[in-house]
$ cat start-v6.cif   # mmCIF, C-alpha atoms
data_data
#
loop_
_atom_site.label_atom_id
_atom_site.label_comp_id
_atom_site.auth_asym_id
_atom_site.auth_seq_id
_atom_site.Cartn_x
_atom_site.Cartn_y
_atom_site.Cartn_z
CA MET A 1 -11.02 -12.21 -14.17
CA SER A 2 -10.78 -14.46 -17.21
CA ASP A 3 -13.03 -12.02 -19.10
CA LEU A 4 -10.09 -9.61 -19.03
CA LYS A 5 -8.23 -11.75 -21.55
CA ASN A 6 -9.15 -9.73 -24.59
CA SER A 7 -9.99 -6.55 -22.80
CA ASP A 8 -8.58 -3.09 -23.14
CA PRO A 9 -5.59 -2.00 -21.04
CA LEU A 10 -7.59 0.54 -19.04
CA LEU A 11 -10.08 -2.09 -17.88
CA LEU A 12 -7.22 -4.40 -16.96
CA THR A 13 -5.22 -1.82 -15.02
CA THR A 14 -8.19 -0.36 -13.14
CA GLN A 15 -9.27 -3.88 -12.19
CA LEU A 16 -5.81 -4.53 -10.77
CA TYR A 17 -6.02 -1.45 -8.57
CA ILE A 18 -9.55 -2.27 -7.45
CA SER A 19 -8.40 -5.79 -6.54
CA ALA A 20 -5.55 -4.34 -4.49
CA TRP A 21 -7.99 -2.12 -2.59
CA LEU A 22 -10.36 -5.01 -1.95
CA LEU A 23 -7.54 -7.30 -0.87
CA SER A 24 -6.23 -4.97 1.83
CA ASN A 25 -9.80 -4.20 2.86
CA ARG A 26 -10.54 -7.90 3.27
CA ARG A 27 -7.30 -8.41 5.21
CA LEU A 28 -8.38 -5.68 7.63
CA HIS A 29 -11.80 -7.25 7.94
CA ASN A 30 -10.30 -10.70 8.63
CA LEU A 31 -7.85 -9.25 11.13
CA MET A 32 -10.61 -7.49 13.06
CA ILE A 33 -12.58 -10.73 13.30
CA LYS A 34 -9.62 -12.22 15.16
CA LEU A 35 -9.13 -9.25 17.51
CA SER A 36 -11.27 -8.85 20.62
CA GLU A 37 -12.71 -5.53 21.75
CA GLU A 38 -10.05 -5.54 24.47
CA ASP A 39 -7.30 -6.07 21.89
CA MET A 40 -8.57 -3.06 19.96
CA TYR A 41 -8.17 -0.81 23.00
CA ARG A 42 -4.48 -1.77 23.28
CA GLU A 43 -1.67 0.33 21.82
CA ILE A 44 0.01 -1.05 18.69
CA SER A 45 3.34 -0.27 20.38
CA PRO A 46 4.03 1.47 23.73
CA GLU A 47 2.63 5.04 23.77
CA ARG A 48 1.46 4.78 20.16
CA ASN A 49 -2.03 4.76 18.65
CA ARG A 50 -4.56 2.28 19.95
CA GLY A 51 -6.34 -0.12 17.60
CA ILE A 52 -9.66 1.61 18.23
CA TYR A 53 -8.22 4.92 17.03
CA LEU A 54 -6.88 3.33 13.84
CA LEU A 55 -10.27 1.73 13.20
CA GLY A 56 -11.96 5.14 13.45
CA HIS A 57 -9.18 6.72 11.39
CA LEU A 58 -9.53 4.18 8.56
CA THR A 59 -13.32 4.42 8.66
CA SER A 60 -13.24 8.19 8.34
CA THR A 61 -10.61 8.06 5.58
CA THR A 62 -12.73 5.63 3.57
CA ASP A 63 -15.76 7.82 4.21
CA THR A 64 -13.87 10.75 2.67
CA MET A 65 -13.19 8.59 -0.39
CA ILE A 66 -16.95 8.30 -0.92
CA GLU A 67 -16.99 12.07 -1.26
CA LEU A 68 -13.78 12.37 -3.32
CA LEU A 69 -14.93 9.71 -5.78
CA GLY A 70 -18.26 11.47 -6.27
CA PHE A 71 -20.33 8.64 -4.77
CA GLY A 72 -22.18 10.97 -2.41
CA ALA A 73 -21.84 12.87 0.85
CA LYS A 74 -19.86 11.43 3.77
CA ILE A 75 -21.91 8.99 5.83
CA HIS A 76 -20.29 9.83 9.20
CA PRO A 77 -18.69 13.28 8.93
CA GLU A 78 -18.60 13.48 12.74
CA LEU A 79 -15.71 10.96 12.80
CA ASP A 80 -13.29 13.33 11.11
CA SER A 81 -12.73 15.66 14.08
CA ILE A 82 -12.15 12.68 16.39
CA PHE A 83 -10.04 10.38 14.22
CA VAL A 84 -8.36 12.49 11.55
CA SER A 85 -7.97 16.08 12.76
CA ALA A 86 -7.15 14.91 16.29
CA PRO A 87 -4.55 12.37 17.43
CA ASP A 88 -5.39 9.40 19.66
CA LYS A 89 -5.95 10.15 23.37
CA SER A 90 -6.97 13.72 22.52
CA GLY A 91 -9.66 13.58 25.19
CA LYS A 92 -12.41 13.46 22.54
CA ILE A 93 -15.12 10.94 23.26
CA PHE A 94 -15.01 7.94 20.90
CA PRO A 95 -18.13 6.14 19.70
CA GLY A 96 -18.30 2.62 21.19
CA TYR A 97 -16.40 -0.21 19.54
CA GLY A 98 -19.57 -1.90 18.22
CA ILE A 99 -20.73 1.32 16.58
CA LEU A 100 -17.33 1.91 14.98
CA ARG A 101 -17.20 -1.64 13.66
CA ASP A 102 -20.68 -1.18 12.16
CA ASN A 103 -19.66 2.15 10.61
CA TRP A 104 -16.57 0.53 9.13
CA GLU A 105 -18.49 -2.37 7.59
CA LYS A 106 -21.28 -0.12 6.27
CA ILE A 107 -18.97 2.44 4.68
CA ASN A 108 -16.97 -0.31 3.01
CA GLU A 109 -20.12 -1.91 1.67
CA ILE A 110 -21.19 1.39 0.12
CA MET A 111 -17.71 1.88 -1.35
CA LEU A 112 -17.81 -1.58 -2.89
CA GLU A 113 -21.25 -1.07 -4.46
CA HIS A 114 -20.13 2.16 -6.11
CA ILE A 115 -16.74 0.83 -7.16
CA GLU A 116 -18.38 -2.13 -8.87
CA ALA A 117 -20.65 0.21 -10.82
CA MET A 118 -17.77 2.36 -12.12
CA LYS A 119 -16.79 2.22 -15.78
CA PRO A 120 -13.03 2.09 -16.37
CA GLU A 121 -12.90 5.53 -18.00
CA GLN A 122 -14.61 7.10 -14.98
CA TRP A 123 -11.50 6.37 -12.91
CA LEU A 124 -9.66 8.91 -15.05
CA GLU A 125 -12.16 11.67 -14.24
CA LYS A 126 -11.15 14.36 -11.77
CA HIS A 127 -11.82 13.70 -8.11
CA THR A 128 -14.23 16.10 -6.42
CA SER A 129 -11.74 18.24 -4.48
CA VAL A 130 -9.76 19.43 -7.51
CA SER A 131 -10.97 22.26 -9.79
CA GLU A 132 -11.54 21.78 -13.52
CA ASP A 133 -8.64 24.13 -14.22
CA ASP A 134 -6.19 22.41 -11.93
CA PHE A 135 -7.25 19.04 -13.30
CA LYS A 136 -6.51 20.21 -16.84
CA LYS A 137 -3.00 21.10 -15.71
CA ASP A 138 -2.51 17.80 -13.89
CA PRO A 139 -4.63 14.86 -15.05
CA THR A 140 -3.09 12.62 -12.41
CA ARG A 141 -5.47 14.22 -9.88
CA ASN A 142 -8.09 11.69 -10.86
CA LYS A 143 -10.26 9.17 -9.05
CA LEU A 144 -7.82 6.34 -9.65
CA ASN A 145 -5.16 8.27 -7.77
CA VAL A 146 -7.51 8.54 -4.78
CA LEU A 147 -7.98 4.77 -4.83
CA ILE A 148 -4.23 4.12 -5.09
CA SER A 149 -3.19 6.50 -2.31
CA ARG A 150 -5.90 5.25 0.05
CA THR A 151 -4.98 1.62 -0.64
CA ASN A 152 -1.43 2.39 0.40
CA HIS A 153 -2.69 4.24 3.47
CA GLN A 154 -4.85 1.24 4.36
CA ASN A 155 -1.86 -1.11 4.07
CA TYR A 156 0.27 1.21 6.20
CA HIS A 157 -2.17 0.92 9.10
CA LEU A 158 -2.93 -2.74 8.41
CA GLY A 159 0.73 -3.46 9.17
CA GLN A 160 0.30 -1.66 12.49
CA LEU A 161 -3.01 -3.27 13.45
CA ALA A 162 -1.51 -6.71 12.76
CA LEU A 163 0.74 -6.06 15.80
CA LEU A 164 -2.32 -6.41 18.05
CA LEU A 165 -2.72 -10.11 17.18
CA MET B 1 3.66 15.08 -15.15
CA SER B 2 2.15 17.81 -17.35
CA ASP B 3 3.21 15.81 -20.42
CA LEU B 4 0.53 13.33 -19.44
CA LYS B 5 -2.18 15.80 -20.42
CA ASN B 6 -2.89 14.38 -23.82
CA SER B 7 -1.47 10.98 -23.24
CA ASP B 8 -3.03 7.57 -23.49
CA PRO B 9 -4.77 6.02 -20.48
CA LEU B 10 -2.20 3.24 -20.09
CA LEU B 11 0.66 5.72 -19.78
CA LEU B 12 -1.35 7.71 -17.25
CA THR B 13 -2.37 4.73 -15.10
CA THR B 14 1.07 3.10 -15.07
CA GLN B 15 2.68 6.45 -14.19
CA LEU B 16 0.28 6.79 -11.26
CA TYR B 17 1.38 3.46 -9.97
CA ILE B 18 5.08 4.06 -10.49
CA SER B 19 4.65 7.28 -8.51
CA ALA B 20 3.00 5.34 -5.68
CA TRP B 21 5.94 2.92 -5.57
CA LEU B 22 8.47 5.75 -5.59
CA LEU B 23 6.57 7.68 -2.92
CA SER B 24 6.58 4.84 -0.41
CA ASN B 25 10.16 4.05 -1.31
CA ARG B 26 11.18 7.66 -0.64
CA ARG B 27 9.25 7.65 2.63
CA LEU B 28 11.20 4.59 3.75
CA HIS B 29 14.44 6.22 2.71
CA ASN B 30 13.60 9.43 4.62
CA LEU B 31 12.52 7.43 7.66
CA MET B 32 15.79 5.49 7.75
CA ILE B 33 17.78 8.71 7.62
CA LYS B 34 16.09 9.71 10.87
CA LEU B 35 16.62 6.37 12.60
CA SER B 36 19.96 5.51 14.24
CA GLU B 37 21.60 2.12 13.94
CA GLU B 38 20.54 1.51 17.55
CA ASP B 39 16.91 2.37 16.67
CA MET B 40 17.00 -0.19 13.87
CA TYR B 41 17.99 -2.96 16.29
CA ARG B 42 14.89 -2.24 18.41
CA GLU B 43 11.63 -4.17 18.09
CA ILE B 44 8.75 -2.34 16.40
CA SER B 45 6.56 -3.56 19.28
CA PRO B 46 7.43 -5.89 22.19
CA GLU B 47 8.51 -9.33 20.94
CA ARG B 48 7.89 -8.39 17.31
CA ASN B 49 10.28 -7.95 14.39
CA ARG B 50 13.23 -5.62 14.77
CA GLY B 51 13.81 -2.76 12.35
CA ILE B 52 16.95 -4.42 11.03
CA TYR B 53 14.99 -7.52 10.07
CA LEU B 54 12.39 -5.47 8.21
CA LEU B 55 15.16 -3.62 6.36
CA GLY B 56 16.62 -6.94 5.19
CA HIS B 57 13.13 -8.24 4.41
CA LEU B 58 12.23 -5.24 2.26
CA THR B 59 15.63 -5.31 0.53
CA SER B 60 15.23 -8.97 -0.38
CA THR B 61 11.63 -8.46 -1.54
CA THR B 62 12.68 -5.61 -3.82
CA ASP B 63 15.56 -7.73 -5.06
CA THR B 64 13.05 -10.43 -6.04
CA MET B 65 11.11 -7.79 -7.99
CA ILE B 66 14.19 -7.23 -10.16
CA GLU B 67 13.91 -10.88 -11.16
CA LEU B 68 10.10 -10.95 -11.49
CA LEU B 69 10.07 -7.84 -13.68
CA GLY B 70 12.71 -9.34 -15.97
CA PHE B 71 15.36 -6.73 -15.12
CA GLY B 72 18.00 -9.35 -14.36
CA ALA B 73 19.15 -11.83 -11.73
CA LYS B 74 18.82 -11.03 -8.02
CA ILE B 75 21.69 -8.90 -6.74
CA HIS B 76 21.79 -10.41 -3.23
CA PRO B 77 20.10 -13.84 -3.33
CA GLU B 78 21.78 -14.71 -0.02
CA LEU B 79 19.37 -12.37 1.83
CA ASP B 80 16.34 -14.52 1.07
CA SER B 81 17.13 -17.36 3.49
CA ILE B 82 17.84 -14.86 6.30
CA PHE B 83 15.05 -12.30 5.81
CA VAL B 84 12.23 -13.99 3.89
CA SER B 85 12.29 -17.77 4.48
CA ALA B 86 13.26 -17.27 8.14
CA PRO B 87 11.60 -15.08 10.78
CA ASP B 88 13.51 -12.53 12.86
CA LYS B 89 15.70 -13.91 15.69
CA SER B 90 16.06 -17.23 13.83
CA GLY B 91 19.69 -17.44 14.91
CA LYS B 92 20.89 -16.73 11.36
CA ILE B 93 23.73 -14.25 11.18
CA PHE B 94 22.67 -10.88 9.72
CA PRO B 95 24.95 -8.75 7.55
CA GLY B 96 25.95 -5.56 9.39
CA TYR B 97 23.63 -2.57 9.36
CA GLY B 98 25.88 -0.52 7.06
CA ILE B 99 26.01 -3.35 4.52
CA LEU B 100 22.22 -3.79 4.60
CA ARG B 101 21.66 -0.06 4.14
CA ASP B 102 24.02 -0.09 1.14
CA ASN B 103 22.25 -3.13 -0.33
CA TRP B 104 18.88 -1.42 0.13
CA GLU B 105 20.00 1.79 -1.59
CA LYS B 106 21.75 -0.04 -4.42
CA ILE B 107 18.85 -2.39 -5.19
CA ASN B 108 16.41 0.52 -5.22
CA GLU B 109 18.65 2.49 -7.56
CA ILE B 110 18.73 -0.44 -9.98
CA MET B 111 14.94 -0.81 -9.73
CA LEU B 112 14.47 2.88 -10.49
CA GLU B 113 16.74 2.80 -13.54
CA HIS B 114 14.84 -0.12 -15.03
CA ILE B 115 11.41 1.23 -14.12
CA GLU B 116 12.18 4.51 -15.83
CA ALA B 117 13.17 2.67 -19.00
CA MET B 118 9.92 0.65 -19.16
CA LYS B 119 7.35 1.41 -21.85
CA PRO B 120 3.75 1.48 -20.57
CA GLU B 121 2.72 -1.61 -22.53
CA GLN B 122 5.58 -3.61 -20.99
CA TRP B 123 3.82 -3.41 -17.62
CA LEU B 124 1.09 -5.60 -19.06
CA GLU B 125 3.54 -8.34 -20.04
CA LYS B 126 3.70 -11.49 -17.94
CA HIS B 127 6.06 -11.48 -14.97
CA THR B 128 8.86 -14.04 -15.07
CA SER B 129 7.47 -16.61 -12.62
CA VAL B 130 4.25 -17.31 -14.53
CA SER B 131 4.14 -19.62 -17.58
CA GLU B 132 2.90 -18.43 -21.00
CA ASP B 133 -0.09 -20.76 -20.68
CA ASP B 134 -1.10 -19.60 -17.23
CA PHE B 135 -0.67 -15.99 -18.31
CA LYS B 136 -3.02 -16.54 -21.24
CA LYS B 137 -5.62 -17.77 -18.78
CA ASP B 138 -5.06 -14.89 -16.36
CA PRO B 139 -3.61 -11.69 -17.85
CA THR B 140 -3.61 -10.03 -14.40
CA ARG B 141 -0.42 -11.95 -13.63
CA ASN B 142 1.55 -9.17 -15.24
CA LYS B 143 4.42 -6.91 -14.22
CA LEU B 144 2.11 -4.14 -13.06
CA ASN B 145 0.57 -6.54 -10.56
CA VAL B 146 4.04 -7.23 -9.13
CA LEU B 147 4.59 -3.50 -8.70
CA ILE B 148 1.17 -3.05 -7.05
CA SER B 149 1.49 -5.91 -4.59
CA ARG B 150 5.03 -4.95 -3.60
CA THR B 151 4.03 -1.30 -3.14
CA ASN B 152 1.34 -2.42 -0.72
CA HIS B 153 3.83 -4.70 1.03
CA GLN B 154 6.27 -1.81 1.31
CA ASN B 155 3.58 0.42 2.86
CA TYR B 156 2.59 -2.33 5.29
CA HIS B 157 6.11 -2.46 6.73
CA LEU B 158 6.63 1.30 6.42
CA GLY B 159 3.77 1.70 8.91
CA GLN B 160 5.60 -0.63 11.26
CA LEU B 161 9.06 0.92 10.86
CA ALA B 162 7.57 4.36 11.57
CA LEU B 163 6.96 3.09 15.13
CA LEU B 164 10.73 3.17 15.74
CA LEU B 165 10.84 6.97 15.46
#

$ encode --input "start-v6.cif" --output "structure tokens"
Amino acid sequence: MSDLKNSDPLLLTTQLYISAWLLSNRRLHNLMIKLSEEDMYREISPERNRGIYLLGHLTSTTDTMIELLGFGAKIHPELDSIFVSAPDKSGKIFPGYGILRDNWEKINEIMLEHIEAMKPEQWLEKHTSVSEDDFKKDPTRNKLNVLISRTNHQNYHLGQLALLL
Amino acid sequence: MSDLKNSDPLLLTTQLYISAWLLSNRRLHNLMIKLSEEDMYREISPERNRGIYLLGHLTSTTDTMIELLGFGAKIHPELDSIFVSAPDKSGKIFPGYGILRDNWEKINEIMLEHIEAMKPEQWLEKHTSVSEDDFKKDPTRNKLNVLISRTNHQNYHLGQLALLL
């Protein structure tokens, strides 16, 4: 990031947030490499969510970001009703672990490609689920806010998944 | 935040991040109100950290922020060797739960006071543990970066403490 030396504050601050997203994303990736399929079907704590549910939950949440950030339509909208609207052990049939891992990697690759192509000022544009009028009233409902809140969400569940190690 | 409407991008982006810190801080506060002292002495998952350790750990980490952000000396430097350098169940004697809760609230109050008094451009200043030379080479080693990384750290452990509910 040495090219940030003489750069404008918006470039610097957005890069910091992007780095924070990528860091927690990489930590999740590295954690999942260490966990077996069997580990992922264990509960993070007795009677709590299983790793596999959190994997689907994080995948679907990141998929929603693709939509909110205006990068395109969700890649796997079918995950939402299983991993976001419903709790774990809802009786809904989960995709297999290999499929979920592939979805997770693919969706994160797409996110990364788009994030890298963003210009700093685009992060201050409204996200796609807020109206022009509401955005005028509250300019914090921008794309950067989506990135920040989802980074925190990712870290929240990263702390839980780390208990499976 | 309606006064941010016509404001400069740096004010907007730093405010977004301060809000993210305060949000996870408030969530922790609200969670601890719901947890009993007995709950806090339970492990978040079998053979893992206890709630009381994580409370001390988060308190000490936030205390270190006070120093890194240039707000002053650490308020409770004695917590570091118990809750950061050492793991849980190290045999070190913990302060009582009531004392730790008071420390946590007090340190967060002090943080808030100082954060509210910061000007946006001050977030881009170097934090106190990096040299002027190293900061010139890497301007991301600023105060905003401290806030970002500690917000993520706070969310990581918030996800774990929520398992005690």

$ residues_around --input "start-v6.cif" --residues "Ser129 (chain A)" --least-positions-apart "5" --cutoff "10 Å" --atoms "only C-alpha atoms" --output "VMD selection string"
chain A and resid 67 to 70 135 141 to 142

$ write_last_selection --input "start-v6.cif" --atoms "C-alpha atoms" --output "CSV table (one decimal), in the coordinates of the input"
chain,number,residue,atom,x,y,z
A,67,GLU,CA,-17.0,12.1,-1.3
A,68,LEU,CA,-13.8,12.4,-3.3
A,69,LEU,CA,-14.9,9.7,-5.8
A,70,GLY,CA,-18.3,11.5,-6.3
A,135,PHE,CA,-7.2,19.0,-13.3
A,141,ARG,CA,-5.5,14.2,-9.9
A,142,ASN,CA,-8.1,11.7,-10.9

$ residues_around --input "start-v6.cif" --residues "Met65 (chain A)" --least-positions-apart "6" --cutoff "9 Å" --atoms "all atoms listed in the file" --output "PyMOL selection string"
chain A and resi 71+74+111+146-147+150

$ resolve_selection --input "start-v6.cif" --expression "the PyMOL selection byres ((chain A and resi 98) around 12)" --output "VMD selection string"
chain A and resid 32 36 to 38 40 52 55 to 56 94 to 97 99 to 105

$ residues_around --input "start-v6.cif" --residues "Asp80 (chain B)" --least-positions-apart "3" --cutoff "9 Å" --atoms "all atoms listed in the file" --output "list in words"
Gly56, His57, Ser60, Thr61, Thr64, His76, Pro77, Phe83, Val84, Ser85 and Ala86 of chain B

$ resolve_selection --input "start-v6.cif" --expression "the PyMOL selection byres ((chain A) within 10 of (chain B))" --output "JSON list (two decimals) with C-alpha atoms, in the coordinates of the input"
[["chain", "number", "residue", "atom", "x", "y", "z"],
["A", 1, "MET", "CA", -11.02, -12.21, -14.17],
["A", 2, "SER", "CA", -10.78, -14.46, -17.21],
["A", 3, "ASP", "CA", -13.03, -12.02, -19.10],
["A", 4, "LEU", "CA", -10.09, -9.61, -19.03],
["A", 5, "LYS", "CA", -8.23, -11.75, -21.55],
["A", 6, "ASN", "CA", -9.15, -9.73, -24.59],
["A", 7, "SER", "CA", -9.99, -6.55, -22.80],
["A", 8, "ASP", "CA", -8.58, -3.09, -23.14],
["A", 9, "PRO", "CA", -5.59, -2.00, -21.04],
["A", 10, "LEU", "CA", -7.59, 0.54, -19.04],
["A", 11, "LEU", "CA", -10.08, -2.09, -17.88],
["A", 12, "LEU", "CA", -7.22, -4.40, -16.96],
["A", 13, "THR", "CA", -5.22, -1.82, -15.02],
["A", 14, "THR", "CA", -8.19, -0.36, -13.14],
["A", 15, "GLN", "CA", -9.27, -3.88, -12.19],
["A", 16, "LEU", "CA", -5.81, -4.53, -10.77],
["A", 17, "TYR", "CA", -6.02, -1.45, -8.57],
["A", 19, "SER", "CA", -8.40, -5.79, -6.54],
["A", 20, "ALA", "CA", -5.55, -4.34, -4.49],
["A", 21, "TRP", "CA", -7.99, -2.12, -2.59],
["A", 23, "LEU", "CA", -7.54, -7.30, -0.87],
["A", 24, "SER", "CA", -6.23, -4.97, 1.83],
["A", 43, "GLU", "CA", -1.67, 0.33, 21.82],
["A", 44, "ILE", "CA", 0.01, -1.05, 18.69],
["A", 45, "SER", "CA", 3.34, -0.27, 20.38],
["A", 46, "PRO", "CA", 4.03, 1.47, 23.73],
["A", 47, "GLU", "CA", 2.63, 5.04, 23.77],
["A", 48, "ARG", "CA", 1.46, 4.78, 20.16],
["A", 49, "ASN", "CA", -2.03, 4.76, 18.65],
["A", 121, "GLU", "CA", -12.90, 5.53, -18.00],
["A", 123, "TRP", "CA", -11.50, 6.37, -12.91],
["A", 124, "LEU", "CA", -9.66, 8.91, -15.05],
["A", 135, "PHE", "CA", -7.25, 19.04, -13.30],
["A", 136, "LYS", "CA", -6.51, 20.21, -16.84],
["A", 137, "LYS", "CA", -3.00, 21.10, -15.71],
["A", 138, "ASP", "CA", -2.51, 17.80, -13.89],
["A", 139, "PRO", "CA", -4.63, 14.86, -15.05],
["A", 140, "THR", "CA", -3.09, 12.62, -12.41],
["A", 141, "ARG", "CA", -5.47, 14.22, -9.88],
["A", 142, "ASN", "CA", -8.09, 11.69, -10.86],
["A", 144, "LEU", "CA", -7.82, 6.34, -9.65],
["A", 145, "ASN", "CA", -5.16, 8.27, -7.77],
["A", 148, "ILE", "CA", -4.23, 4.12, -5.09],
["A", 149, "SER", "CA", -3.19, 6.50, -2.31],
["A", 151, "THR", "CA", -4.98, 1.62, -0.64],
["A", 152, "ASN", "CA", -1.43, 2.39, 0.40],
["A", 153, "HIS", "CA", -2.69, 4.24, 3.47],
["A", 154, "GLN", "CA", -4.85, 1.24, 4.36],
["A", 155, "ASN", "CA", -1.86, -1.11, 4.07],
["A", 156, "TYR", "CA", 0.27, 1.21, 6.20],
["A", 157, "HIS", "CA", -2.17, 0.92, 9.10],
["A", 158, "LEU", "CA", -2.93, -2.74, 8.41],
["A", 159, "GLY", "CA", 0.73, -3.46, 9.17],
["A", 160, "GLN", "CA", 0.30, -1.66, 12.49],
["A", 161, "LEU", "CA", -3.01, -3.27, 13.45],
["A", 162, "ALA", "CA", -1.51, -6.71, 12.76],
["A", 163, "LEU", "CA", 0.74, -6.06, 15.80],
["A", 164, "LEU", "CA", -2.32, -6.41, 18.05]]

$ resolve_selection --input "start-v6.cif" --expression "the PyMOL selection byres ((chain B and resi 110) around 10)" --output "mmCIF file with C-alpha atoms, keeping the file's coordinate frame"
data_model
loop_
_atom_site.group_PDB
_atom_site.id
_atom_site.type_symbol
_atom_site.label_atom_id
_atom_site.label_comp_id
_atom_site.auth_asym_id
_atom_site.auth_seq_id
_atom_site.Cartn_x
_atom_site.Cartn_y
_atom_site.Cartn_z
ATOM 1 C CA ASP B 63 15.560 -7.730 -5.060
ATOM 2 C CA ILE B 66 14.190 -7.230 -10.160
ATOM 3 C CA PHE B 71 15.360 -6.730 -15.120
ATOM 4 C CA GLY B 72 18.000 -9.350 -14.360
ATOM 5 C CA ILE B 75 21.690 -8.900 -6.740
ATOM 6 C CA GLU B 105 20.000 1.790 -1.590
ATOM 7 C CA LYS B 106 21.750 -0.040 -4.420
ATOM 8 C CA ILE B 107 18.850 -2.390 -5.190
ATOM 9 C CA ASN B 108 16.410 0.520 -5.220
ATOM 10 C CA GLU B 109 18.650 2.490 -7.560
ATOM 11 C CA MET B 111 14.940 -0.810 -9.730
ATOM 12 C CA LEU B 112 14.470 2.880 -10.490
ATOM 13 C CA GLU B 113 16.740 2.800 -13.540
ATOM 14 C CA HIS B 114 14.840 -0.120 -15.030
ATOM 15 C CA ILE B 115 11.410 1.230 -14.120
#

$ atom_distance --input "start-v6.cif" --atom1 "CA of Asn30 (chain B)" --atom2 "CA of Ile93 (chain B)"
26.6 Å

$ atom_distance --input "start-v6.cif" --atom1 "CA of Asn25 (chain A)" --atom2 "CA of Leu165 (chain B)"
26.6 Å

$ atom_distance --input "start-v6.cif" --atom1 "CA of Lys126 (chain B)" --atom2 "CA of Arg27 (chain A)"
25.8 Å

$ closest_residue --input "start-v6.cif" --among "A:Asp133, A:Leu54, A:Thr62, A:Ala117" --to "Ile82 (chain A)" --atoms "all atoms listed in the file"
A:Leu54

$ axis_aligned_box --input "start-v6.cif" --around "region 126-129 of chain B" --padding-each-side "3 Å" --output "JSON"
{"center_x": 6.3, "center_y": -14.0, "center_z": -15.3, "size_x": 11.2, "size_y": 11.1, "size_z": 11.3}

$ decode --input "start-v6.cif" --residues "region 39-50 of chain A" --atoms "N, CA, C and O atoms" --output "compact mmCIF listing (two decimals), in the first residue's frame"
# COMPACT_ATOMS: atom_id res chain seq x y z
N ASP A 39 -15.76 -32.06 11.33
CA ASP A 39 -15.71 -30.90 12.24
C ASP A 39 -16.84 -29.94 11.93
O ASP A 39 -17.47 -29.38 12.83
N MET A 40 -17.08 -29.71 10.64
CA MET A 40 -18.05 -28.70 10.23
C MET A 40 -19.49 -29.12 10.57
O MET A 40 -20.39 -28.28 10.62
N TYR A 41 -19.71 -30.40 10.79
CA TYR A 41 -21.05 -30.85 11.18
C TYR A 41 -21.22 -30.86 12.70
O TYR A 41 -22.27 -31.22 13.21
N ARG A 42 -20.18 -30.44 13.43
CA ARG A 42 -20.30 -30.34 14.89
C ARG A 42 -20.89 -28.98 15.28
O ARG A 42 -20.84 -28.01 14.53
N GLU A 43 -21.46 -28.95 16.48
CA GLU A 43 -21.99 -27.69 17.02
C GLU A 43 -20.84 -26.86 17.59
O GLU A 43 -19.93 -27.42 18.20
N ILE A 44 -20.93 -25.53 17.44
CA ILE A 44 -19.87 -24.66 17.96
C ILE A 44 -19.86 -24.68 19.50
O ILE A 44 -18.83 -24.42 20.12
N SER A 45 -20.99 -25.00 20.08
CA SER A 45 -21.15 -25.13 21.53
C SER A 45 -22.43 -25.97 21.68
O SER A 45 -23.26 -25.98 20.77
N PRO A 46 -22.60 -26.72 22.79
CA PRO A 46 -23.75 -27.61 22.88
C PRO A 46 -25.09 -26.95 22.54
O PRO A 46 -25.40 -25.88 23.08
N GLU A 47 -25.82 -27.59 21.63
CA GLU A 47 -27.16 -27.13 21.20
C GLU A 47 -27.15 -25.79 20.45
O GLU A 47 -28.18 -25.14 20.33
N ARG A 48 -26.00 -25.39 19.97
CA ARG A 48 -25.91 -24.16 19.17
C ARG A 48 -25.75 -24.52 17.69
O ARG A 48 -25.78 -25.70 17.33
N ASN A 49 -25.56 -23.50 16.87
CA ASN A 49 -25.40 -23.72 15.43
C ASN A 49 -24.23 -24.66 15.12
O ASN A 49 -23.21 -24.65 15.80
N ARG A 50 -24.40 -25.42 14.05
CA ARG A 50 -23.29 -26.25 13.57
C ARG A 50 -22.44 -25.42 12.59
O ARG A 50 -22.91 -24.46 11.98
